[in-house]
>>> print(open('work.cif').read())   # mmCIF, C-alpha atoms
data_entry
#
loop_
_atom_site.label_atom_id
_atom_site.label_comp_id
_atom_site.auth_asym_id
_atom_site.auth_seq_id
_atom_site.Cartn_x
_atom_site.Cartn_y
_atom_site.Cartn_z
CA MET P 1 68.83 86.16 155.99
CA LYS P 2 69.47 83.04 158.04
CA VAL P 3 71.94 82.92 160.95
CA ARG P 4 74.16 80.50 159.00
CA GLU P 5 74.37 83.02 156.11
CA LEU P 6 75.27 85.84 158.50
CA LEU P 7 77.97 83.74 160.16
CA ALA P 8 79.41 82.78 156.76
CA ARG P 9 79.59 86.43 155.69
CA LEU P 10 81.23 87.43 158.96
CA ARG P 11 83.82 84.62 158.85
CA ASP P 12 86.64 86.91 157.65
CA ALA P 13 85.52 90.04 159.52
CA ASP P 14 87.83 91.71 162.02
CA PRO P 15 86.48 90.58 165.43
CA GLU P 16 87.16 94.11 166.75
CA ALA P 17 85.11 95.80 163.99
CA GLU P 18 82.05 97.81 165.03
CA VAL P 19 78.70 96.34 163.99
CA ARG P 20 76.41 99.00 162.48
CA PHE P 21 72.90 98.83 161.07
CA MET P 22 71.75 100.93 158.13
CA PRO P 23 68.00 101.32 157.60
CA LEU P 24 66.66 101.07 154.08
CA ALA P 25 67.61 104.11 151.94
CA ALA P 26 69.98 105.46 154.62
CA ASP P 27 73.49 106.67 153.87
CA SER P 28 76.61 105.97 155.94
CA THR P 29 75.96 108.93 158.25
CA GLU P 30 72.64 107.42 159.31
CA SER P 31 73.84 104.08 160.66
CA ASP P 32 73.03 102.84 164.16
CA SER P 33 75.17 100.83 166.53
CA VAL P 34 73.98 97.28 167.19
CA ASP P 35 73.76 96.98 170.97
CA GLU P 36 71.87 93.75 171.52
CA VAL P 37 71.29 90.36 169.98
CA GLU P 38 67.99 88.98 171.19
CA PHE P 39 66.91 85.39 170.64
CA GLN P 40 63.12 85.17 170.46
CA ALA P 41 61.77 82.39 172.70
CA GLU P 42 58.75 81.71 170.48
CA PRO P 43 58.67 81.46 166.68
CA TRP P 44 57.39 84.44 164.73
CA THR P 45 54.88 84.36 161.90
CA PHE P 46 55.91 85.19 158.35
CA GLU P 47 52.75 86.15 156.48
CA GLU P 48 52.69 86.61 152.74
CA GLY P 49 49.82 87.54 150.46
CA ASP P 50 49.13 89.29 147.20
CA GLY P 51 51.34 92.39 147.23
CA TYR P 52 52.65 92.22 150.80
CA SER P 53 54.73 90.27 153.31
CA VAL P 54 55.24 90.84 157.03
CA TYR P 55 56.92 89.26 160.07
CA TYR P 56 55.37 89.49 163.54
CA PRO P 57 55.60 87.71 166.89
CA GLY P 58 52.92 85.24 167.84
CA GLU P 59 50.43 83.07 166.04
CA PRO P 60 49.05 83.86 162.56
CA GLU P 61 46.43 86.61 162.65
CA PRO P 62 43.09 85.96 160.94
CA ARG P 63 42.47 88.08 157.83
CA ASP P 64 39.23 89.14 156.24
CA ALA P 65 38.15 88.24 152.70
CA SER P 66 39.89 91.28 151.20
CA TYR P 67 43.25 89.54 151.73
CA GLU P 68 43.94 87.08 148.95
CA ASN P 69 46.23 84.05 148.77
CA VAL P 70 47.53 84.48 152.33
CA ARG P 71 50.23 82.01 153.37
CA TYR P 72 51.81 81.65 156.81
CA ARG P 73 55.05 80.14 158.10
CA ARG P 74 56.27 79.98 161.71
CA LEU P 75 60.00 80.77 161.97
CA PRO P 76 62.65 81.18 164.66
CA VAL P 77 63.89 84.79 164.83
CA VAL P 78 66.99 86.57 166.13
CA LEU P 79 66.74 90.35 166.53
CA LEU P 80 69.69 92.73 166.18
CA LYS P 81 68.76 95.80 168.19
CA PRO P 82 70.28 99.28 167.89
CA ASP P 83 71.93 101.10 170.74
CA MET P 84 69.33 103.02 172.70
CA PRO P 85 70.38 106.29 174.35
CA ALA P 86 70.24 106.12 178.16
CA ARG P 87 67.56 108.83 178.34
CA TRP P 88 65.28 106.77 176.09
CA LYS P 89 65.85 103.66 178.22
CA ALA P 90 64.97 105.68 181.32
CA LEU P 91 61.73 106.87 179.72
CA LEU P 92 60.73 103.31 178.81
CA GLU P 93 61.49 102.06 182.31
CA LYS P 94 59.08 104.66 183.77
CA ARG P 95 56.16 103.13 181.88
#
>>> encode(input="work.cif", output="C-alpha cells")
Amino acid sequence: MKVRELLARLRDADPEAEVRFMPLAADSTESDSVDEVEFQAEPWTFEEGDGYSVYYPGEPEPRDASYENVRYRRLPVVLLKPDMPARWKALLEKR
C-alpha cells in the first residue's frame, strides 16, 4: 500500500480513533496498538523471484544460481510500529 492510498482510506476516519494493527490470520483480540510511524531515511529493496517476494533495508543482495528470474526495485518505506511494553524497551536499551 502506498501512503497516498492509506491517506485516502483514512480521509473519513474519526481523528480520535485508535490505530490498531492485525497480523495476518489474527482475530480482533490479537491486534496491536500502533505506537510509532518511522520514515526510513534510505530506500528499501523489494526483491521478487519465482515463488517469493521480500522487502528489506539496504541494497539488493546477490543471489546464487538457484534463484530464478530475480527482479529488484528500490522503494521509499514508512514503517508503522506496534506499541512495545516498557519492560521490552528496557531490555533492548541494555544491549
>>> resolve_selection(input="work.cif", expression="the PyMOL selection byres ((chain P and resi 40) around 9)", output="PDB file with C-alpha atoms, in the coordinates of the input")
ATOM      1  CA  GLU P  38      67.990  88.980 171.190  1.00  0.00           C
ATOM      2  CA  PHE P  39      66.910  85.390 170.640  1.00  0.00           C
ATOM      3  CA  ALA P  41      61.770  82.390 172.700  1.00  0.00           C
ATOM      4  CA  GLU P  42      58.750  81.710 170.480  1.00  0.00           C
ATOM      5  CA  PRO P  43      58.670  81.460 166.680  1.00  0.00           C
ATOM      6  CA  TRP P  44      57.390  84.440 164.730  1.00  0.00           C
ATOM      7  CA  PRO P  57      55.600  87.710 166.890  1.00  0.00           C
ATOM      8  CA  PRO P  76      62.650  81.180 164.660  1.00  0.00           C
ATOM      9  CA  VAL P  77      63.890  84.790 164.830  1.00  0.00           C
ATOM     10  CA  VAL P  78      66.990  86.570 166.130  1.00  0.00           C
ATOM     11  CA  LEU P  79      66.740  90.350 166.530  1.00  0.00           C
TER      12      LEU P  79
END
>>> axis_aligned_box(input="work.cif", around="range 50-65 of chain P", padding_each_side="8 Å", output="AutoDock Vina command-line options")
--center_x 47.5 --center_y 87.7 --center_z 157.5 --size_x 34.8 --size_y 25.3 --size_z 36.6
>>> closest_residue(input="work.cif", among="P:Glu47, P:Asp27, P:Arg87, P:Pro82", to="Val70 in chain P", atoms="all atoms listed in the file")
P:Glu47
>>> resolve_selection(input="work.cif", expression="the PyMOL selection byres ((chain P and resi 35) around 6)", output="compact mmCIF listing (two decimals) with C-alpha atoms, in the coordinates of the input")
# COMPACT_ATOMS: atom_id res chain seq x y z
CA VAL P 34 73.98 97.28 167.19
CA GLU P 36 71.87 93.75 171.52
CA LYS P 81 68.76 95.80 168.19
CA PRO P 82 70.28 99.28 167.89
CA ASP P 83 71.93 101.10 170.74
>>> atom_distance(input="work.cif", atom1="CA of Leu6 in chain P", atom2="CA of Val19 in chain P")
12.3 Å
>>> residues_near_point(input="work.cif", point="(56.4, 84.3, 163.7)", cutoff="7 Å", atoms="all atoms listed in the file", output="list in words")
Pro43, Trp44, Thr45, Phe46, Tyr55, Tyr56, Pro57, Gly58, Glu59, Arg74 and Leu75 of chain P
>>> resolve_selection(input="work.cif", expression="the PyMOL selection byres ((chain P and resi 51) around 10)", output="list of chain:residue names")
P:Glu48, P:Gly49, P:Asp50, P:Tyr52, P:Ser53, P:Tyr67, P:Glu68, P:Asn69
>>> closest_residue(input="work.cif", among="P:Arg73, P:Pro85, P:Pro60, P:Asp14", to="Asp32 in chain P", atoms="all atoms listed in the file")
P:Pro85
>>> decode(input="work.cif", residues="range 14-53 of chain P", atoms="N, CA and C atoms", output="mmCIF file, in the first residue's frame")
data_model
loop_
_atom_site.group_PDB
_atom_site.id
_atom_site.type_symbol
_atom_site.label_atom_id
_atom_site.label_comp_id
_atom_site.auth_asym_id
_atom_site.auth_seq_id
_atom_site.Cartn_x
_atom_site.Cartn_y
_atom_site.Cartn_z
ATOM 1 N N ASP P 14 -12.512 8.871 12.067
ATOM 2 C CA ASP P 14 -12.559 9.710 13.264
ATOM 3 C C ASP P 14 -11.125 9.983 13.692
ATOM 4 N N PRO P 15 -10.693 11.243 13.788
ATOM 5 C CA PRO P 15 -9.304 11.536 14.162
ATOM 6 C C PRO P 15 -8.948 11.075 15.573
ATOM 7 N N GLU P 16 -9.953 10.763 16.393
ATOM 8 C CA GLU P 16 -9.703 10.274 17.751
ATOM 9 C C GLU P 16 -9.728 8.746 17.838
ATOM 10 N N ALA P 17 -9.936 8.073 16.707
ATOM 11 C CA ALA P 17 -9.989 6.607 16.691
ATOM 12 C C ALA P 17 -8.596 6.039 16.975
ATOM 13 N N GLU P 18 -8.567 4.900 17.668
ATOM 14 C CA GLU P 18 -7.318 4.186 17.923
ATOM 15 C C GLU P 18 -6.859 3.507 16.633
ATOM 16 N N VAL P 19 -5.568 3.508 16.390
ATOM 17 C CA VAL P 19 -4.997 2.810 15.239
ATOM 18 C C VAL P 19 -4.450 1.482 15.750
ATOM 19 N N ARG P 20 -4.942 0.390 15.177
ATOM 20 C CA ARG P 20 -4.542 -0.963 15.584
ATOM 21 C C ARG P 20 -3.972 -1.680 14.368
ATOM 22 N N PHE P 21 -3.126 -2.646 14.632
ATOM 23 C CA PHE P 21 -2.548 -3.480 13.580
ATOM 24 C C PHE P 21 -2.914 -4.923 13.860
ATOM 25 N N MET P 22 -3.384 -5.621 12.825
ATOM 26 C CA MET P 22 -3.718 -7.038 12.962
ATOM 27 C C MET P 22 -2.806 -7.860 12.061
ATOM 28 N N PRO P 23 -1.962 -8.699 12.658
ATOM 29 C CA PRO P 23 -1.120 -9.584 11.841
ATOM 30 C C PRO P 23 -1.980 -10.522 10.994
ATOM 31 N N LEU P 24 -1.388 -11.048 9.969
ATOM 32 C CA LEU P 24 -2.065 -11.991 9.089
ATOM 33 C C LEU P 24 -2.640 -13.149 9.892
ATOM 34 N N ALA P 25 -3.879 -13.511 9.635
ATOM 35 C CA ALA P 25 -4.599 -14.618 10.269
ATOM 36 C C ALA P 25 -4.961 -14.361 11.733
ATOM 37 N N ALA P 26 -4.795 -13.133 12.210
ATOM 38 C CA ALA P 26 -5.171 -12.816 13.591
ATOM 39 C C ALA P 26 -6.657 -12.485 13.651
ATOM 40 N N ASP P 27 -7.235 -12.604 14.855
ATOM 41 C CA ASP P 27 -8.606 -12.126 15.030
ATOM 42 C C ASP P 27 -8.550 -10.817 15.821
ATOM 43 N N SER P 28 -9.702 -10.228 16.083
ATOM 44 C CA SER P 28 -9.746 -8.898 16.694
ATOM 45 C C SER P 28 -9.133 -8.848 18.092
ATOM 46 N N THR P 29 -9.022 -9.980 18.767
ATOM 47 C CA THR P 29 -8.417 -9.980 20.104
ATOM 48 C C THR P 29 -6.892 -9.979 20.041
ATOM 49 N N GLU P 30 -6.349 -10.120 18.843
ATOM 50 C CA GLU P 30 -4.896 -10.207 18.691
ATOM 51 C C GLU P 30 -4.302 -8.973 18.009
ATOM 52 N N SER P 31 -4.984 -7.857 18.079
ATOM 53 C CA SER P 31 -4.468 -6.649 17.439
ATOM 54 C C SER P 31 -3.462 -5.951 18.346
ATOM 55 N N ASP P 32 -2.562 -5.194 17.727
ATOM 56 C CA ASP P 32 -1.562 -4.417 18.456
ATOM 57 C C ASP P 32 -1.796 -2.934 18.213
ATOM 58 N N SER P 33 -1.451 -2.151 19.194
ATOM 59 C CA SER P 33 -1.530 -0.700 19.071
ATOM 60 C C SER P 33 -0.371 -0.199 18.213
ATOM 61 N N VAL P 34 -0.631 0.720 17.315
ATOM 62 C CA VAL P 34 0.437 1.348 16.541
ATOM 63 C C VAL P 34 0.962 2.508 17.368
ATOM 64 N N ASP P 35 2.248 2.454 17.698
ATOM 65 C CA ASP P 35 2.862 3.430 18.590
ATOM 66 C C ASP P 35 3.748 4.422 17.854
ATOM 67 N N GLU P 36 4.303 3.997 16.735
ATOM 68 C CA GLU P 36 5.268 4.832 16.032
ATOM 69 C C GLU P 36 5.060 4.775 14.535
ATOM 70 N N VAL P 37 5.342 5.888 13.885
ATOM 71 C CA VAL P 37 5.435 5.946 12.431
ATOM 72 C C VAL P 37 6.872 6.341 12.151
ATOM 73 N N GLU P 38 7.578 5.490 11.434
ATOM 74 C CA GLU P 38 9.008 5.717 11.218
ATOM 75 C C GLU P 38 9.300 5.827 9.723
ATOM 76 N N PHE P 39 9.794 6.984 9.328
ATOM 77 C CA PHE P 39 10.182 7.212 7.940
ATOM 78 C C PHE P 39 11.605 6.689 7.759
ATOM 79 N N GLN P 40 11.801 5.798 6.819
ATOM 80 C CA GLN P 40 13.120 5.235 6.572
ATOM 81 C C GLN P 40 13.941 6.231 5.742
ATOM 82 N N ALA P 41 15.140 6.528 6.202
ATOM 83 C CA ALA P 41 15.997 7.516 5.541
ATOM 84 C C ALA P 41 16.469 7.038 4.169
ATOM 85 N N GLU P 42 16.734 5.755 4.053
ATOM 86 C CA GLU P 42 17.222 5.182 2.799
ATOM 87 C C GLU P 42 16.144 4.283 2.194
ATOM 88 N N PRO P 43 16.087 4.212 0.871
ATOM 89 C CA PRO P 43 15.124 3.295 0.243
ATOM 90 C C PRO P 43 15.401 1.849 0.630
ATOM 91 N N TRP P 44 14.348 1.050 0.626
ATOM 92 C CA TRP P 44 14.463 -0.388 0.847
ATOM 93 C C TRP P 44 14.474 -1.082 -0.507
ATOM 94 N N THR P 45 14.847 -2.353 -0.482
ATOM 95 C CA THR P 45 14.828 -3.172 -1.688
ATOM 96 C C THR P 45 13.588 -4.059 -1.660
ATOM 97 N N PHE P 46 12.863 -4.061 -2.768
ATOM 98 C CA PHE P 46 11.798 -5.039 -2.976
ATOM 99 C C PHE P 46 12.364 -6.038 -3.965
ATOM 100 N N GLU P 47 12.474 -7.281 -3.528
ATOM 101 C CA GLU P 47 13.041 -8.358 -4.337
ATOM 102 C C GLU P 47 11.941 -9.358 -4.647
ATOM 103 N N GLU P 48 11.880 -9.748 -5.904
ATOM 104 C CA GLU P 48 10.832 -10.677 -6.335
ATOM 105 C C GLU P 48 11.451 -11.703 -7.277
ATOM 106 N N GLY P 49 11.117 -12.953 -7.033
ATOM 107 C CA GLY P 49 11.613 -14.025 -7.893
ATOM 108 C C GLY P 49 10.544 -15.080 -8.052
ATOM 109 N N ASP P 50 10.916 -16.188 -8.631
ATOM 110 C CA ASP P 50 9.958 -17.270 -8.829
ATOM 111 C C ASP P 50 9.504 -17.814 -7.476
ATOM 112 N N GLY P 51 8.261 -17.555 -7.115
ATOM 113 C CA GLY P 51 7.669 -18.110 -5.906
ATOM 114 C C GLY P 51 7.925 -17.346 -4.622
ATOM 115 N N TYR P 52 8.507 -16.161 -4.678
ATOM 116 C CA TYR P 52 8.732 -15.405 -3.443
ATOM 117 C C TYR P 52 8.820 -13.900 -3.720
ATOM 118 N N SER P 53 8.623 -13.125 -2.685
ATOM 119 C CA SER P 53 8.897 -11.684 -2.718
ATOM 120 C C SER P 53 9.229 -11.259 -1.294
#
